[in-house]
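Trainee: Shown below is the structure under consideration.
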Amino acid sequence: MPSVTETVTAEQASTQQVEALDRSTAQPSQVPFSSWGRYPAYDATLVPLQWQSDYPAVLGKHGGMPAGALPVGMGRSYGDSCLLKDGNLLVTTGMNRLIAFDAETGLLTAEAGLTLAQLLDFAVPRGWFLPVTPGTKYVTLGGAVANDIHGKNHHIAGTFGSHVTQFELLRSDGSRLHCSRTDNTDWFAATIGGLGLTGVIPWIQLRLKPIVSRRIDYEGIQFHGVDEFLQLTEQYKDVEYTVSWVDCTGTGKNFARGIFMLGDHSKIPDQLTPSPEPKLVFPMDAPSFALNSATVSAFNTVFFHKQLKPRVRTLQDYEPFFYPLDKVLHWNRMYGKSGLLQFQYALPWESAREGTIAMLNEVAKSGLASFLAVLKAFGDKPSPGMLSFPQPGITLALDFPIKPDKSFPLFDRLASMTLDYGGKLYPAKDARMTAEQFQQAYPQWERFARYKDPLLTSGFWERVTAA
Ligand SMILES: Cc1cc2nc3c(=O)[nH]c(=O)nc-3n(C[C@H](O)[C@H](O)[C@H](O)COP(=O)(O)OP(=O)(O)OC[C@H]3O[C@@H](n4cnc5c(N)ncnc54)[C@H](O)[C@@H]3O)c2cc1C
């Protein structure tokens, strides 16, 4: 159990730990709580929800929660969209029961605190897979809906919300709304991508997709430059999963070199066993000098050459294909105690090529290299959420160790370039966007605000709606 002075993550905030923390002070205790980026960390009171009926009950217990509240899942967002300074975090991971599954249609209904990892453990041995998955399986269904997350198949399948058929919404006035494409449709649209602000989602129904094998028919292709990336994107637009790693330390002939990774579920029937538990744990916070431009540049060179041939083709298990980082638990400790900033933009096609080249140049010039730079084309399937992030064009995700004097100014430059190129930043990954930038990129925010639950708010929302 963490001592109350340590920063707590949502994962540690399992019910027993929260209850133990509560018992140690006989009062609901405030603990420093951080998201995956570990920046910022805010004190908050952790309120575990075990049953759907707990939500109205905790409101009574805490006298209406004058400090405000916010549902949280696994805290795998990077910035402050799952944080609330001095507020109440309603920890949903205890509400993780499977409610119903139709093995004919793949329709699955579960409580919103169920993680994608838990869902896959149930579904894969039965021949079903997630319709859309992010780069980690340690997120909850509630988190996946509230950020309307996207995956490597966005160009074919759209966002996670596109596969959600219905859910319920609990509001702090005690009302319960059934939301679907035919019922309370405006609440359905506001809640998908609604950043947890419209109410608590107790359960969700979604449609899974059938598979016959755990394996992915994988191909990796080296590319040099943004134009080659765009050519490959066009050439492989009918392959279900495509994503690229890009070396953003490269300059000159190595500028924007990368590996274009593509895959489809194997059609050769195979054993559908559950995944083993990950065994590797990043043991401690890395010292601040461990990540510098030399180590990151070396990592990028090794990564580029790890694929010795320009093109490789293998059958690969889905775990390393979708979740390479999940192999090492707590890998965010690699960035040391100060944490990391994620930066992710979506640029429309009109400015995607030019903007991506300009921003990769800006990153290379800064010497503040990013380990994990991911480039992907979004498709044109409309997102069902009012505030959803994906739009047709290109998305680039980068992360930087927190060094306020260096990474903050770089981040701020990239953010204003994003806006200049007509793009937007991803709230799930953000800790720096200004109110002006958010409101320019998401002009529908005022319409969305009409659906916000008066009790619920977040660090992100307070920041981006500040006058
Ligand atoms: C390694 C890694 C890779 C990632 N890859 C991707 C990717 O490829 N694509 C992508 O889109 N994202 C990606 N993400 C981001 C991640 O998928 C999202 O931030 C996701 O929302 C996190 O889910 P969570 O359960 O941790 O929710 P949290 O981070 O705890 O919360 C996220 C939001 O969901 C709300 N919420 C949670 N539960 C409920 C509920 N029951 N009712 C209402 N609101 C709720 C919260 O209020 C908050 O606004 C990645 C993150 C990591 C760490």
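Ordering of the structure tokens sets the chain letters (A, B, ...); residue numbers start at 1 within each chain; ligands are numbered from 1 in the order shown.
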Taking only C-alpha atoms and all ligand atoms into account, which residues are within 6 Å of ligand 1, as a PDB file with C-alpha atoms, in the first residue's frame?
Mentor:
```pdb
ATOM      1  CA  TRP A  36       0.057   8.256 -16.796  1.00  0.00           C
ATOM      2  CA  LEU A  70     -14.894  13.293 -11.712  1.00  0.00           C
ATOM      3  CA  PRO A  71     -15.159   9.619 -12.675  1.00  0.00           C
ATOM      4  CA  VAL A  72     -11.783   7.968 -13.386  1.00  0.00           C
ATOM      5  CA  GLY A  73     -10.839   4.650 -14.919  1.00  0.00           C
ATOM      6  CA  MET A  74      -7.245   3.429 -15.093  1.00  0.00           C
ATOM      7  CA  GLY A  75      -5.755   6.935 -15.201  1.00  0.00           C
ATOM      8  CA  ARG A  76      -4.081   6.109 -18.526  1.00  0.00           C
ATOM      9  CA  SER A  77      -4.735   9.560 -19.898  1.00  0.00           C
ATOM     10  CA  SER A  81      -8.365  15.228 -18.169  1.00  0.00           C
ATOM     11  CA  CYS A  82      -8.630  12.537 -15.446  1.00  0.00           C
ATOM     12  CA  THR A  92     -14.697   3.102 -11.330  1.00  0.00           C
ATOM     13  CA  ALA A 112     -17.670   0.604 -17.404  1.00  0.00           C
ATOM     14  CA  PRO A 134      -5.567   1.903 -28.310  1.00  0.00           C
ATOM     15  CA  GLY A 135      -1.844   1.254 -27.742  1.00  0.00           C
ATOM     16  CA  THR A 136      -2.454  -0.107 -24.235  1.00  0.00           C
ATOM     17  CA  VAL A 139      -7.795   1.261 -20.043  1.00  0.00           C
ATOM     18  CA  THR A 140     -11.405   0.910 -18.967  1.00  0.00           C
ATOM     19  CA  GLY A 142     -15.601   4.079 -19.540  1.00  0.00           C
ATOM     20  CA  GLY A 143     -12.276   5.754 -20.370  1.00  0.00           C
ATOM     21  CA  ALA A 144     -12.420   4.413 -23.935  1.00  0.00           C
ATOM     22  CA  ALA A 146     -15.137   9.244 -22.606  1.00  0.00           C
ATOM     23  CA  ASN A 147     -12.123   9.934 -24.871  1.00  0.00           C
ATOM     24  CA  ILE A 149     -10.314   6.571 -28.432  1.00  0.00           C
ATOM     25  CA  HIS A 150      -8.865   5.536 -31.777  1.00  0.00           C
ATOM     26  CA  GLY A 151      -6.593   2.713 -32.872  1.00  0.00           C
ATOM     27  CA  LEU A 195     -14.336  13.642 -21.098  1.00  0.00           C
ATOM     28  CA  GLY A 196     -16.345  12.156 -18.216  1.00  0.00           C
ATOM     29  CA  GLY A 199     -22.310  11.949 -15.928  1.00  0.00           C
ATOM     30  CA  VAL A 200     -21.010   8.599 -14.734  1.00  0.00           C
ATOM     31  CA  ILE A 201     -21.412   5.750 -17.234  1.00  0.00           C
ATOM     32  CA  PRO A 202     -22.238   2.625 -15.213  1.00  0.00           C
ATOM     33  CA  ALA A 428      -6.648  12.775 -23.488  1.00  0.00           C
TER      34      ALA A 428
END
```
Trainee: Name all residues at most 12 Å from Ala103 in chain A (count only C-alpha atoms; drop same-chain ones fewer than 5 positions away) and give them as an MDAnalysis selection string.
Mentor: chainID A and resid 108:109 122:128 207:210
Trainee: How about saving the chosen residues, C-alpha atoms kept, as a JSON list (two decimals), in the first residue's frame?
Mentor:
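As a result, result33.json now contains:
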```json
[["chain", "number", "residue", "atom", "x", "y", "z"],
["A", 108, "LEU", "CA", -21.08, -7.53, -25.07],
["A", 109, "THR", "CA", -22.48, -5.58, -22.14],
["A", 122, "PHE", "CA", -12.87, -13.24, -21.76],
["A", 123, "ALA", "CA", -13.42, -12.62, -25.46],
["A", 124, "VAL", "CA", -10.32, -13.94, -27.26],
["A", 125, "PRO", "CA", -10.74, -17.59, -26.19],
["A", 126, "ARG", "CA", -14.31, -17.33, -27.51],
["A", 127, "GLY", "CA", -13.16, -16.02, -30.90],
["A", 128, "TRP", "CA", -13.89, -12.29, -30.46],
["A", 207, "ARG", "CA", -20.11, -4.94, -30.71],
["A", 208, "LEU", "CA", -16.98, -7.11, -30.84],
["A", 209, "LYS", "CA", -15.44, -8.47, -34.05],
["A", 210, "PRO", "CA", -14.84, -12.16, -34.79]]
```
Trainee: Do a neighbour search on Ser383 in chain A at 8 Å with only C-alpha atoms, toss out local chain neighbours closer than 4 positions, and write the hits as a ChimeraX atom specification.
Mentor: /A:158-159,161-162,388,390-391
Trainee: For the selection you just gave me, I'd like the residues written to a file as a PDB file, in the first residue's frame, keeping C-alpha atoms.
Mentor:
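The result, stored in result-v7.pdb:
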```pdb
ATOM      1  CA  GLY A 158     -13.519   4.823 -37.053  1.00  0.00           C
ATOM      2  CA  THR A 159     -13.372   5.433 -33.316  1.00  0.00           C
ATOM      3  CA  GLY A 161     -17.595   5.068 -30.010  1.00  0.00           C
ATOM      4  CA  SER A 162     -18.603   3.937 -33.507  1.00  0.00           C
ATOM      5  CA  SER A 388     -14.262  13.599 -30.476  1.00  0.00           C
ATOM      6  CA  PRO A 390     -10.103  12.267 -34.736  1.00  0.00           C
ATOM      7  CA  GLN A 391     -10.737  13.960 -38.088  1.00  0.00           C
TER       8      GLN A 391
END
```
Trainee: Could you tell me how far CA of Ala467 in chain A sits from CA of Gln437 in chain A, in Å to one decimal place?
Mentor: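 About the pair CA of Gln437 in chain A and CA of Ala467 in chain A: they are 12.5 Å apart.
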